[in-house]
file entry-v1.txt (compact mmCIF, C-alpha atoms and all ligand atoms)
# COMPACT_ATOMS: atom_id res chain seq x y z
CA MET A 680 -12.72 -17.89 -4.11
CA VAL A 681 -15.19 -16.34 -1.69
CA LYS A 682 -18.50 -17.80 -0.58
CA LYS A 683 -21.55 -16.56 1.27
CA GLY A 684 -20.56 -15.51 4.79
CA ASP A 685 -16.99 -14.54 3.89
CA MET A 686 -15.55 -11.11 4.54
CA VAL A 687 -12.79 -9.45 2.51
CA TYR A 688 -11.06 -6.16 1.91
CA ALA A 689 -11.62 -5.27 -1.75
CA TRP A 690 -10.56 -2.48 -4.06
CA THR A 691 -10.93 -1.53 -7.70
CA THR A 692 -8.02 -1.79 -10.12
CA ASP A 693 -9.44 1.13 -12.16
CA ALA A 694 -7.36 4.22 -11.30
CA ASP A 695 -10.12 6.70 -12.23
CA LEU A 696 -12.70 4.91 -10.08
CA ALA A 697 -10.21 4.62 -7.21
CA LYS A 698 -9.68 8.38 -7.29
CA ARG A 699 -13.38 9.23 -7.20
CA ALA A 700 -14.54 6.45 -4.84
CA GLU A 701 -15.31 6.81 -1.15
CA CYS A 702 -13.00 4.01 0.01
CA GLY A 703 -11.62 1.22 -2.17
CA GLY A 704 -14.08 1.73 -5.00
CA ALA A 705 -15.20 -1.90 -4.80
CA VAL A 706 -18.86 -0.88 -5.14
CA SER A 707 -18.30 1.12 -8.33
CA GLY A 708 -15.84 -1.46 -9.66
CA LEU A 709 -18.31 -4.30 -9.19
CA LEU A 710 -21.19 -2.36 -10.73
CA LYS A 711 -19.02 -1.46 -13.72
CA TYR A 712 -17.98 -5.10 -14.14
CA ALA A 713 -21.62 -6.26 -13.91
CA LEU A 714 -22.63 -3.76 -16.60
CA GLU A 715 -19.70 -4.53 -18.93
CA ASN A 716 -20.39 -8.24 -18.73
CA LYS A 717 -24.16 -7.95 -19.11
CA ILE A 718 -24.82 -9.41 -15.67
CA VAL A 719 -27.15 -6.41 -15.40
CA ASP A 720 -28.82 -4.30 -18.11
CA ALA A 721 -28.51 -1.10 -16.10
CA VAL A 722 -27.39 0.36 -12.81
CA LEU A 723 -29.40 2.58 -10.49
CA ALA A 724 -26.99 4.57 -8.33
CA VAL A 725 -26.71 8.03 -6.83
CA LYS A 726 -24.73 11.05 -7.93
CA LYS A 727 -24.13 14.61 -6.82
CA GLY A 728 -26.91 16.98 -7.88
CA ALA A 729 -27.03 20.77 -7.64
CA ASP A 730 -24.45 20.80 -4.84
CA LEU A 731 -22.70 18.64 -2.28
CA TYR A 732 -25.87 18.32 -0.20
CA ASP A 733 -27.99 17.11 -3.06
CA ALA A 734 -27.96 13.40 -3.95
CA VAL A 735 -29.92 12.42 -7.03
CA PRO A 736 -30.66 8.98 -8.47
CA THR A 737 -28.94 8.16 -11.73
CA PHE A 738 -29.73 5.38 -14.20
CA ILE A 739 -26.63 4.17 -16.00
CA THR A 740 -26.34 1.88 -19.00
CA ASP A 741 -22.86 2.91 -20.20
CA PRO A 742 -20.14 1.32 -17.98
CA ASN A 743 -17.92 4.35 -18.53
CA GLN A 744 -20.49 6.49 -16.75
CA ILE A 745 -20.24 4.54 -13.47
CA SER A 746 -17.47 6.83 -12.28
CA THR A 747 -19.99 9.72 -12.15
CA SER A 748 -21.74 7.93 -9.27
CA ALA A 749 -18.67 7.01 -7.19
CA GLY A 750 -18.40 8.42 -3.66
CA SER A 751 -20.81 8.63 -0.71
CA LEU A 752 -23.30 11.45 -0.32
CA HIS A 753 -24.54 11.69 3.26
CA CYS A 754 -27.10 14.45 2.80
CA GLY A 755 -29.41 13.06 0.13
CA SER A 756 -33.15 12.76 0.74
CA LEU A 757 -33.81 9.73 -1.33
CA LEU A 758 -35.15 6.23 -1.20
CA GLN A 759 -34.38 3.99 -4.15
CA SER A 760 -37.15 1.38 -3.86
CA LYS A 761 -40.13 3.32 -5.22
CA LEU A 762 -38.10 4.43 -8.25
CA ILE A 763 -37.73 0.83 -9.40
CA LYS A 764 -41.48 0.47 -9.58
CA LYS A 765 -42.21 3.96 -10.86
CA TYR A 766 -39.67 4.12 -13.68
CA PHE A 767 -38.43 0.59 -14.32
CA ASN A 768 -41.56 -1.55 -14.16
CA GLY A 769 -40.45 -3.12 -10.88
CA ALA A 770 -37.40 -4.71 -12.61
CA LYS A 771 -39.81 -7.20 -14.15
CA ASP A 772 -38.20 -7.06 -17.58
CA LYS A 773 -34.70 -5.73 -16.83
CA LYS A 774 -31.82 -6.82 -14.64
CA ILE A 775 -30.76 -3.88 -12.51
CA GLY A 776 -27.70 -3.41 -10.32
CA ILE A 777 -28.41 -1.05 -7.47
CA THR A 778 -26.57 0.50 -4.52
CA VAL A 779 -28.72 0.31 -1.41
CA LYS A 780 -28.59 1.63 2.13
CA GLY A 781 -30.54 -0.32 4.75
CA CYS A 782 -33.71 1.72 4.18
CA ASP A 783 -33.48 1.36 0.38
CA LEU A 784 -33.16 -2.38 0.87
CA MET A 785 -36.04 -2.69 3.34
CA GLY A 786 -38.24 -0.75 0.92
CA ILE A 787 -37.28 -3.09 -1.92
CA LEU A 788 -37.97 -6.19 0.17
CA GLU A 789 -41.38 -4.90 1.26
CA MET A 790 -42.31 -4.08 -2.33
CA ALA A 791 -41.02 -7.46 -3.54
CA LYS A 792 -43.21 -9.19 -0.93
CA ARG A 793 -46.18 -7.37 -2.44
CA GLY A 794 -45.25 -8.43 -5.97
CA GLU A 795 -44.30 -4.91 -7.08
CA ILE A 796 -40.59 -5.61 -7.63
CA ASN A 797 -38.87 -8.70 -8.96
CA ARG A 798 -36.07 -9.26 -6.44
CA ASP A 799 -34.51 -11.96 -8.65
CA ASN A 800 -33.72 -9.36 -11.31
CA LEU A 801 -31.87 -7.13 -8.87
CA LEU A 802 -28.20 -7.21 -8.00
CA LEU A 803 -28.17 -5.53 -4.61
CA ILE A 804 -24.90 -3.92 -3.55
CA GLY A 805 -25.49 -2.81 0.01
CA VAL A 806 -23.66 0.03 1.70
CA ASN A 807 -23.50 0.18 5.50
CA CYS A 808 -25.17 3.30 6.76
CA GLY A 809 -24.70 5.13 10.04
CA GLY A 810 -27.31 7.69 8.97
CA THR A 811 -27.86 10.71 6.78
CA VAL A 812 -28.19 14.43 7.44
CA SER A 813 -30.94 16.45 5.79
CA PRO A 814 -29.54 18.97 3.27
CA ILE A 815 -31.36 21.82 5.01
CA THR A 816 -29.97 20.85 8.43
CA ALA A 817 -26.49 20.30 6.95
CA ARG A 818 -26.36 23.77 5.39
CA LYS A 819 -27.65 25.48 8.55
CA MET A 820 -25.41 23.43 10.83
CA ILE A 821 -22.30 24.17 8.77
CA ARG A 822 -23.04 27.88 8.74
CA GLU A 823 -24.10 28.28 12.38
CA LYS A 824 -22.21 25.56 14.24
CA TYR A 825 -19.08 25.16 12.11
CA GLY A 826 -18.93 28.84 11.20
CA VAL A 827 -18.24 27.96 7.56
CA ASP A 828 -20.04 29.03 4.39
CA PRO A 829 -21.75 25.79 3.20
CA ASP A 830 -21.05 26.75 -0.40
CA LYS A 831 -17.30 26.72 0.32
CA VAL A 832 -17.38 23.10 1.51
CA THR A 833 -15.67 20.71 -0.90
CA LYS A 834 -16.27 17.41 0.94
CA GLU A 835 -18.43 16.09 3.75
CA GLU A 836 -18.01 12.75 5.49
CA ILE A 837 -19.08 10.89 8.59
CA ASP A 838 -16.10 9.13 10.12
CA LYS A 839 -15.31 7.79 13.58
CA GLY A 840 -18.47 9.31 15.01
CA GLN A 841 -17.76 12.79 13.62
CA PHE A 842 -19.38 14.87 10.88
CA ILE A 843 -16.36 16.23 9.04
CA ILE A 844 -16.18 18.95 6.43
CA GLU A 845 -13.35 20.01 4.18
CA TYR A 846 -13.48 23.54 2.83
CA GLU A 847 -11.31 26.13 1.21
CA GLY A 848 -8.72 26.77 3.87
CA GLY A 849 -9.23 23.87 6.26
CA HIS A 850 -11.25 21.04 7.69
CA LYS A 851 -13.34 20.62 10.80
CA GLY A 852 -14.99 17.69 12.55
CA ILE A 853 -17.51 17.72 15.39
CA LYS A 854 -18.74 14.66 17.26
CA MET A 855 -22.15 13.56 16.04
CA ASP A 856 -23.28 12.95 19.64
CA ASP A 857 -22.55 16.57 20.52
CA LEU A 858 -24.27 17.85 17.39
CA GLU A 859 -27.33 15.73 18.09
CA GLU A 860 -27.60 16.83 21.70
CA GLU A 861 -27.97 20.35 20.28
CA GLY A 862 -30.60 19.32 17.75
CA TRP A 863 -28.29 19.10 14.71
CA GLY A 864 -26.91 15.93 13.12
CA ARG A 865 -28.69 13.02 11.51
CA ARG A 866 -32.34 12.79 10.50
CA SER A 867 -34.45 11.63 13.42
CA ASN A 868 -35.50 8.42 11.64
CA CYS A 869 -31.82 7.63 10.92
CA ARG A 870 -31.02 8.04 14.61
CA ARG A 871 -33.62 5.41 15.44
CA CYS A 872 -32.46 3.01 12.70
CA VAL A 873 -30.80 -0.23 13.78
CA TYR A 874 -30.32 -1.78 10.31
CA LYS A 875 -26.74 -0.64 9.81
CA ILE A 876 -25.21 -3.44 7.74
CA PRO A 877 -27.61 -4.46 4.96
CA ARG A 878 -27.04 -8.22 5.06
CA GLN A 879 -30.06 -9.03 2.94
CA ALA A 880 -28.33 -7.45 -0.04
CA ASP A 881 -26.00 -9.60 -2.13
CA LEU A 882 -22.96 -7.82 -0.72
CA ALA A 883 -22.67 -5.47 2.25
CA CYS A 884 -19.91 -2.88 1.78
CA GLY A 885 -18.52 -0.27 4.10
CA ASN A 886 -15.54 1.35 5.71
CA TRP A 887 -15.99 -0.01 9.23
CA GLY A 888 -13.21 -2.49 9.97
CA VAL A 889 -10.74 -1.29 7.33
CA ILE A 890 -7.66 -0.51 9.39
CA GLY A 891 -3.88 -0.20 9.09
CA ASP A 892 -2.39 0.43 5.67
CA SER A 893 -5.69 -0.42 4.00
CA ALA A 894 -7.64 2.34 5.77
CA GLY A 895 -9.23 4.62 3.18
CA LYS A 896 -7.90 2.45 0.33
CA ALA A 897 -10.08 -0.66 0.62
CA THR A 898 -13.77 -1.43 1.00
CA PHE A 899 -14.86 -3.93 3.63
CA VAL A 900 -17.11 -6.43 1.86
CA GLU A 901 -19.31 -9.01 3.57
CA VAL A 902 -20.58 -11.63 1.12
CA CYS A 903 -24.28 -12.11 1.82
CA SER A 904 -25.53 -14.35 -1.01
CA ASP A 905 -24.35 -16.80 -3.65
CA LYS A 906 -25.09 -14.11 -6.27
CA GLY A 907 -22.79 -11.70 -4.42
CA ALA A 908 -20.05 -14.34 -4.13
CA ASP A 909 -20.32 -15.15 -7.83
CA LEU A 910 -19.98 -11.47 -8.82
CA LEU A 911 -16.97 -10.91 -6.57
CA ASN A 912 -15.23 -14.09 -7.77
CA LYS A 913 -15.79 -13.26 -11.45
CA ALA A 914 -14.66 -9.64 -11.02
CA GLU A 915 -11.52 -10.75 -9.22
CA LYS A 916 -10.75 -13.36 -11.88
CA ALA A 917 -11.10 -10.64 -14.52
CA LYS A 918 -8.68 -8.49 -12.44
CA THR A 919 -11.29 -5.74 -12.06
CA ILE A 920 -11.23 -6.11 -8.30
CA THR A 921 -8.47 -7.22 -5.94
CA THR A 922 -9.22 -8.70 -2.55
CA SER A 923 -7.31 -9.64 0.57
CA ALA A 924 -8.20 -11.24 3.88
CA PRO A 925 -9.42 -8.62 6.35
CA ASP A 926 -7.37 -7.77 9.43
CA PRO A 927 -8.94 -9.84 12.27
CA LYS A 928 -8.74 -6.80 14.51
CA GLY A 929 -10.67 -4.87 11.86
CA VAL A 930 -13.38 -7.54 11.84
CA GLU A 931 -13.67 -7.19 15.59
CA ILE A 932 -13.81 -3.38 15.40
CA ARG A 933 -16.52 -3.55 12.73
CA SER A 934 -18.63 -5.82 14.88
CA LYS A 935 -18.18 -3.62 17.95
CA THR A 936 -19.04 -0.49 15.95
CA GLU A 937 -22.17 -2.12 14.56
CA ASN A 938 -23.28 -3.14 18.06
CA ALA A 939 -22.59 0.34 19.43
CA MET A 940 -24.65 1.89 16.61
CA ILE A 941 -27.53 -0.51 17.25
CA LYS A 942 -27.49 0.41 20.94
CA LEU A 943 -27.47 4.09 20.00
CA GLY A 944 -30.47 3.51 17.71
CA GLN A 945 -32.32 1.83 20.55
CA LYS A 946 -31.46 4.68 22.87
CA TRP A 947 -32.95 7.16 20.40
CA ARG A 948 -36.10 5.04 20.10
CA LYS A 949 -36.54 5.10 23.83
CA ARG A 950 -36.02 8.85 23.88
CA ASP A 951 -38.25 9.65 20.89
CA PHE A 952 -41.05 7.29 21.93
CA SER A 953 -40.96 8.17 25.61
CA GLY A 954 -44.41 9.29 26.69
CA ILE A 955 -45.73 9.14 23.14
CA TYR A 956 -48.01 6.13 23.69
CA GLU A 957 -49.84 7.75 26.59
CA ASN A 958 -51.91 9.96 24.32
CA LEU A 959 -50.74 8.96 20.83
CA TRP A 960 -54.05 9.52 19.06
CA ASP A 961 -54.52 12.97 20.60
CA VAL A 962 -50.99 13.95 19.54
CA ILE A 963 -51.56 12.59 16.03
CA ALA A 964 -54.89 14.42 15.71
CA LYS A 965 -53.30 17.69 16.80
CA GLU A 966 -50.21 17.43 14.59
CA THR A 967 -52.04 16.19 11.47
CA GLY A 968 -54.45 19.13 11.80
CA ARG A 969 -51.90 21.01 9.63
CA CYS A 970 -52.17 18.52 6.77
CA ILE A 971 -52.90 20.05 3.36
CA LYS A 972 -53.37 16.66 1.67
CA CYS A 973 -50.55 17.08 -0.80
CA TYR A 974 -50.18 13.26 -0.77
CA SER A 975 -46.36 13.37 -0.64
CA CYS A 976 -46.39 10.95 2.31
CA ILE A 977 -48.32 8.44 0.23
CA ASP A 978 -46.51 8.92 -3.05
CA GLN A 979 -43.05 8.04 -1.75
CA CYS A 980 -44.02 5.46 0.88
CA PRO A 981 -42.81 1.98 -0.13
CA VAL A 982 -45.54 0.22 1.85
CA CYS A 983 -48.78 2.22 1.83
CA PHE A 984 -49.39 2.13 -1.93
CA PRO A 985 -52.12 -0.56 -1.79
CA VAL A 986 -54.40 1.94 0.01
CA ALA A 987 -53.19 4.99 -1.92
CA SER A 988 -56.15 5.20 -4.29
CA MET A 989 -58.60 4.63 -1.44
CA LEU A 990 -57.04 7.55 0.45
CA LYS A 991 -57.28 9.82 -2.58
CA GLU A 992 -60.86 8.94 -3.58
CA ASP A 993 -63.88 10.78 -2.25
CA SER A 994 -65.64 8.91 0.53
CA PRO A 995 -67.85 9.84 3.51
CA MET A 996 -64.94 9.25 5.92
CA ILE A 997 -62.27 10.94 3.78
CA ARG A 998 -63.85 13.78 1.88
CA ARG A 999 -62.03 14.93 -1.20
CA GLY A 1000 -61.05 18.59 -1.38
CA VAL A 1001 -61.48 19.09 2.37
CA ILE A 1002 -58.60 20.36 4.48
CA PRO A 1003 -57.41 19.73 7.06
CA ALA A 1004 -57.69 16.09 6.13
CA ASP A 1005 -60.38 14.10 7.90
CA PRO A 1006 -58.73 12.16 10.75
CA MET A 1007 -59.51 8.90 8.98
CA PHE A 1008 -57.10 9.87 6.18
CA HIS A 1009 -54.16 9.51 8.56
CA LEU A 1010 -55.61 6.75 10.70
CA ARG A 1011 -56.17 4.48 7.69
CA ARG A 1012 -52.66 5.13 6.43
CA PHE A 1013 -51.11 4.46 9.84
CA ALA A 1014 -53.24 1.34 10.29
CA HIS A 1015 -52.10 0.08 6.91
CA ILE A 1016 -48.40 0.56 7.60
CA SER A 1017 -48.58 -0.55 11.23
CA ASP A 1018 -47.05 -3.95 10.48
CA SER A 1019 -44.52 -2.81 7.91
CA CYS A 1020 -43.38 0.82 8.28
CA ILE A 1021 -39.64 0.63 7.56
CA ASN A 1022 -38.83 3.98 9.21
CA CYS A 1023 -37.29 5.31 5.99
CA GLY A 1024 -38.47 8.79 6.99
CA GLN A 1025 -39.63 9.79 3.51
CA CYS A 1026 -43.14 10.80 4.66
CA GLU A 1027 -41.70 13.22 7.20
CA GLU A 1028 -38.89 14.40 4.95
CA LEU A 1029 -41.29 15.37 2.18
CA CYS A 1030 -44.11 16.78 4.32
CA PRO A 1031 -44.35 20.52 3.59
CA MET A 1032 -46.22 21.05 6.89
CA GLU A 1033 -43.46 19.42 8.97
CA ILE A 1034 -45.75 16.85 10.56
CA PRO A 1035 -43.63 14.19 12.36
CA LEU A 1036 -45.18 11.39 10.32
CA ALA A 1037 -42.18 9.05 10.49
CA LEU A 1038 -42.14 9.29 14.25
CA PHE A 1039 -45.82 8.29 14.43
CA GLY A 1040 -45.49 5.51 11.82
CA HIS A 1041 -42.42 4.09 13.53
CA ALA A 1042 -43.92 4.31 17.03
CA ILE A 1043 -47.04 2.49 15.85
CA ARG A 1044 -44.96 -0.18 14.09
CA GLU A 1045 -42.86 -0.74 17.20
CA GLU A 1046 -45.98 -1.07 19.33
CA ALA A 1047 -47.54 -3.50 16.82
CA ASP A 1048 -44.32 -5.55 16.80
CA ARG A 1049 -44.34 -5.70 20.58
CA ALA A 1050 -47.93 -6.92 20.57
CA PHE A 1051 -47.90 -9.30 17.64
CA ALA A 1052 -44.40 -10.13 16.35
CA PRO A 1053 -43.53 -12.68 19.06
CA LYS A 1054 -46.64 -14.61 18.06
CA LEU A 1055 -45.86 -14.37 14.35
CA GLY A 1056 -42.11 -15.03 14.54
CA SER A 1057 -39.36 -12.50 14.05
CA SER A 1058 -39.22 -10.41 10.89
CA ASP A 1059 -36.44 -10.69 8.30
CA TYR A 1060 -34.63 -7.58 9.50
CA SER A 1061 -34.88 -5.45 12.56
CA ASN A 1062 -35.74 -2.04 11.19
C1 LIG A 1101 -25.31 7.83 3.58
C2 LIG A 1101 -24.19 6.83 3.76
C3 LIG A 1101 -23.74 6.55 5.05
C4 LIG A 1101 -22.71 5.59 5.24
N1 LIG A 1101 -22.32 5.28 6.51
C5 LIG A 1101 -21.40 4.29 6.71
C6 LIG A 1101 -21.01 3.88 8.01
O1 LIG A 1101 -21.47 4.44 9.00
N2 LIG A 1101 -20.15 2.83 8.13
C7 LIG A 1101 -19.63 2.18 7.03
O2 LIG A 1101 -18.88 1.21 7.20
N3 LIG A 1101 -19.94 2.57 5.81
C8 LIG A 1101 -20.81 3.59 5.60
N4 LIG A 1101 -21.16 3.98 4.33
C9 LIG A 1101 -20.56 3.27 3.19
C10 LIG A 1101 -19.26 3.91 2.73
O3 LIG A 1101 -19.33 5.30 2.76
C11 LIG A 1101 -18.96 3.49 1.28
O4 LIG A 1101 -20.07 3.74 0.45
C12 LIG A 1101 -18.65 2.02 1.17
O5 LIG A 1101 -17.56 1.71 1.99
C13 LIG A 1101 -18.29 1.64 -0.26
O6 LIG A 1101 -17.10 2.29 -0.61
P1 LIG A 1101 -16.61 2.25 -2.12
O7 LIG A 1101 -15.39 3.08 -2.25
O8 LIG A 1101 -16.54 0.82 -2.52
O9 LIG A 1101 -17.86 2.96 -2.81
P2 LIG A 1101 -17.91 3.78 -4.18
O10 LIG A 1101 -17.23 2.99 -5.22
O11 LIG A 1101 -17.47 5.17 -3.95
O12 LIG A 1101 -19.46 3.73 -4.48
C14 LIG A 1101 -20.37 4.35 -3.61
C15 LIG A 1101 -21.75 3.99 -4.05
O13 LIG A 1101 -22.67 4.54 -3.12
C16 LIG A 1101 -23.72 5.18 -3.83
N5 LIG A 1101 -24.26 6.25 -2.97
C17 LIG A 1101 -23.68 7.42 -2.64
N6 LIG A 1101 -24.48 8.11 -1.83
C18 LIG A 1101 -25.59 7.37 -1.63
C19 LIG A 1101 -26.78 7.55 -0.90
N7 LIG A 1101 -26.98 8.63 -0.16
N8 LIG A 1101 -27.73 6.57 -0.96
C20 LIG A 1101 -27.53 5.45 -1.70
N9 LIG A 1101 -26.41 5.22 -2.40
C21 LIG A 1101 -25.45 6.17 -2.37
C22 LIG A 1101 -23.07 5.69 -5.09
O14 LIG A 1101 -23.99 5.89 -6.09
C23 LIG A 1101 -22.11 4.54 -5.41
O15 LIG A 1101 -22.77 3.54 -6.14
C24 LIG A 1101 -22.14 4.95 4.12
C25 LIG A 1101 -22.59 5.28 2.84
C26 LIG A 1101 -23.59 6.21 2.65
C27 LIG A 1101 -24.07 6.53 1.25
call {"tool": "encode", "arguments": {"input": "entry-v1.txt", "output": "structure tokens"}}
result
Amino acid sequence: MVKKGDMVYAWTTDADLAKRAECGGAVSGLLKYALENKIVDAVLAVKKGADLYDAVPTFITDPNQISTSAGSLHCGSLLQSKLIKKYFNGAKDKKIGITVKGCDLMGILEMAKRGEINRDNLLLIGVNCGGTVSPITARKMIREKYGVDPDKVTKEEIDKGQFIIEYEGGHKGIKMDDLEEEGWGRRSNCRRCVYKIPRQADLACGNWGVIGDSAGKATFVEVCSDKGADLLNKAEKAKTITTSAPDPKGVEIRSKTENAMIKLGQKWRKRDFSGIYENLWDVIAKETGRCIKCYSCIDQCPVCFPVASMLKEDSPMIRRGVIPADPMFHLRRFAHISDSCINCGQCEELCPMEIPLALFGHAIREEADRAFAPKLGSSDYSN
């Protein structure tokens, strides 16, 4: 029996899931068990869309469909939190199992704090995340840097610090550090992220620390809540999941890898924010001068929704139908998210004018934290 704080190697006993899964298939196995046993009414996961670079959310109520969502997609441009509010009434009347990266989880927690999502109705299966690559960058990078037709790629993965592709006729891996020095690699917000193991989920699952014979065949699971422990214990009793004690060396490697990734995230913050505070408002004014007020940054943001209608209404400071947007449009939004921007990057990802909105939001949040957080006490997670 596991309890909160325990760590195990886990794997599914379902051969089909095992074949399709990224590692041991524990995530898919647990979600399937939760659905079959009515622990949840539905599962919100992610599946392959138009191609390998396209990750789309999928809402599953039939346990046999869970296999369609197995595997990790590193090039999706999605954030799960807003979907729960938009399409599922904030999980207020349904129990939902959901796979979450750190940013998905932070978005959910922020929305739960604001009463938009019922956290108690969610079963949160966290996946560690070292970062994602934008589909556009991935395609270009594979063509230009790897010299491979992106449409011929059959699998992409990020392993041991490399972005690896398998394609008809071979496979190739290049170190992420080298790619990023040349401007390729992960999204800039992912580079700055330091929330790598989502410990505020019910379980945090990943491949870091799975070594020896288990490598590639088991999922490393850290039990983060009583709810997570209960699910794992029940699934193991039902023989849906098998677990074993993790290799102590693997536990050590996982911890070292996490620390190295956090340091790397901090390094990127230093680099991205260097010099930015000296004339932040001038830079913001210049860059946001391209804004066409499409409202994408607002619509997907998990924290700015309380001011969304105010930003869309006509007012003397923010005139409707006027572009470029009045400066107050952006200043009000930044002011509103200054204490809670989670650096999910969605505003920047979706901006058709390529305004570095996530960089500004994150820089402002970091500055606000520096000024006020020590007085208020530390936040729940370091984003
Ligand atoms: C973008 C990304 C980066 C990752 N980076 C690391 C890492 O650096 N270190 C580490 O230890 N582990 C990382 N993982 C976790 C790892 O790849 C496995 O997901 C985890 O070990 C669980 O394996 P499994 O076989 O049990 O999962 P599976 O049974 O294959 O289930 C995978 C689950 O992940 C969901 N999923 C797939 N893509 C996404 C996505 N883009 N966003 C949200 N959910 C998604 C699927 O819907 C499914 O529910 C990463 C995962 C993702 C998605």
call {"tool": "residues_around", "arguments": {"input": "entry-v1.txt", "residues": "Glu861 in chain A", "least_positions_apart": "4", "cutoff": "12 Å", "atoms": "only C-alpha atoms", "output": "VMD selection string"}}
result
chain A and resid 820 823 to 824 853 to 857 865
call {"tool": "closest_residue", "arguments": {"input": "entry-v1.txt", "among": "A:Gly704, A:Tyr732, A:Phe767, A:Ser746", "to": "Asp720 in chain A", "atoms": "only C-alpha atoms"}}
result
A:Phe767
call {"tool": "residues_near_ligand", "arguments": {"input": "entry-v1.txt", "ligand": "ligand LIG 1101 (chain A)", "cutoff": "6 Å", "atoms": "all atoms listed in the file", "output": "PDB file with C-alpha atoms, in the coordinates of the input"}}
result
ATOM      1  CA  ALA A 700     -14.540   6.450  -4.840  1.00  0.00           C
ATOM      2  CA  GLU A 701     -15.310   6.810  -1.150  1.00  0.00           C
ATOM      3  CA  CYS A 702     -13.000   4.010   0.010  1.00  0.00           C
ATOM      4  CA  GLY A 703     -11.620   1.220  -2.170  1.00  0.00           C
ATOM      5  CA  GLY A 704     -14.080   1.730  -5.000  1.00  0.00           C
ATOM      6  CA  ALA A 705     -15.200  -1.900  -4.800  1.00  0.00           C
ATOM      7  CA  VAL A 706     -18.860  -0.880  -5.140  1.00  0.00           C
ATOM      8  CA  SER A 707     -18.300   1.120  -8.330  1.00  0.00           C
ATOM      9  CA  ALA A 724     -26.990   4.570  -8.330  1.00  0.00           C
ATOM     10  CA  VAL A 725     -26.710   8.030  -6.830  1.00  0.00           C
ATOM     11  CA  LYS A 726     -24.730  11.050  -7.930  1.00  0.00           C
ATOM     12  CA  SER A 748     -21.740   7.930  -9.270  1.00  0.00           C
ATOM     13  CA  ALA A 749     -18.670   7.010  -7.190  1.00  0.00           C
ATOM     14  CA  GLY A 750     -18.400   8.420  -3.660  1.00  0.00           C
ATOM     15  CA  SER A 751     -20.810   8.630  -0.710  1.00  0.00           C
ATOM     16  CA  LEU A 752     -23.300  11.450  -0.320  1.00  0.00           C
ATOM     17  CA  HIS A 753     -24.540  11.690   3.260  1.00  0.00           C
ATOM     18  CA  GLY A 755     -29.410  13.060   0.130  1.00  0.00           C
ATOM     19  CA  THR A 778     -26.570   0.500  -4.520  1.00  0.00           C
ATOM     20  CA  VAL A 779     -28.720   0.310  -1.410  1.00  0.00           C
ATOM     21  CA  LYS A 780     -28.590   1.630   2.130  1.00  0.00           C
ATOM     22  CA  VAL A 806     -23.660   0.030   1.700  1.00  0.00           C
ATOM     23  CA  ASN A 807     -23.500   0.180   5.500  1.00  0.00           C
ATOM     24  CA  CYS A 808     -25.170   3.300   6.760  1.00  0.00           C
ATOM     25  CA  GLY A 809     -24.700   5.130  10.040  1.00  0.00           C
ATOM     26  CA  GLY A 810     -27.310   7.690   8.970  1.00  0.00           C
ATOM     27  CA  THR A 811     -27.860  10.710   6.780  1.00  0.00           C
ATOM     28  CA  CYS A 884     -19.910  -2.880   1.780  1.00  0.00           C
ATOM     29  CA  GLY A 885     -18.520  -0.270   4.100  1.00  0.00           C
ATOM     30  CA  ASN A 886     -15.540   1.350   5.710  1.00  0.00           C
ATOM     31  CA  TRP A 887     -15.990  -0.010   9.230  1.00  0.00           C
ATOM     32  CA  THR A 898     -13.770  -1.430   1.000  1.00  0.00           C
TER      33      THR A 898
END
call {"tool": "residues_around", "arguments": {"input": "entry-v1.txt", "residues": "Gly944 in chain A", "least_positions_apart": "4", "cutoff": "8 Å", "atoms": "only C-alpha atoms", "output": "PDB file with C-alpha atoms, in the coordinates of the input"}}
result
ATOM      1  CA  ARG A 870     -31.020   8.040  14.610  1.00  0.00           C
ATOM      2  CA  ARG A 871     -33.620   5.410  15.440  1.00  0.00           C
ATOM      3  CA  CYS A 872     -32.460   3.010  12.700  1.00  0.00           C
ATOM      4  CA  VAL A 873     -30.800  -0.230  13.780  1.00  0.00           C
ATOM      5  CA  MET A 940     -24.650   1.890  16.610  1.00  0.00           C
ATOM      6  CA  ARG A 948     -36.100   5.040  20.100  1.00  0.00           C
TER       7      ARG A 948
END
call {"tool": "closest_residue", "arguments": {"input": "entry-v1.txt", "among": "A:Gly891, A:Pro742, A:Gly907, A:Gly776", "to": "Pro927 in chain A", "atoms": "all atoms listed in the file"}}
result
A:Gly891
call {"tool": "residues_around", "arguments": {"input": "entry-v1.txt", "residues": "range 988-1000 of chain A", "least_positions_apart": "5", "cutoff": "10 Å", "atoms": "only C-alpha atoms", "output": "number ranges by chain"}}
result
A: 971-972, 974, 977, 983, 1005-1009, 1011-1012
call {"tool": "atom_distance", "arguments": {"input": "entry-v1.txt", "atom1": "CA of Ile718 in chain A", "atom2": "CA of Ile876 in chain A"}}
result
24.2 Å
call {"tool": "atom_distance", "arguments": {"input": "entry-v1.txt", "atom1": "CA of Gly888 in chain A", "atom2": "CA of Arg933 in chain A"}}
result
4.4 Å
call {"tool": "atom_distance", "arguments": {"input": "entry-v1.txt", "atom1": "CA of Leu1038 in chain A", "atom2": "CA of Ile843 in chain A"}}
result
27.2 Å
call {"tool": "closest_residue", "arguments": {"input": "entry-v1.txt", "among": "A:Val719, A:Leu762, A:Ala1037, A:Val902", "to": "Arg878 in chain A", "atoms": "only C-alpha atoms"}}
result
A:Val902
call {"tool": "closest_residue", "arguments": {"input": "entry-v1.txt", "among": "A:Ile775, A:Asp909, A:Pro877, A:Leu757", "to": "Gly1024 in chain A", "atoms": "only C-alpha atoms"}}
result
A:Leu757
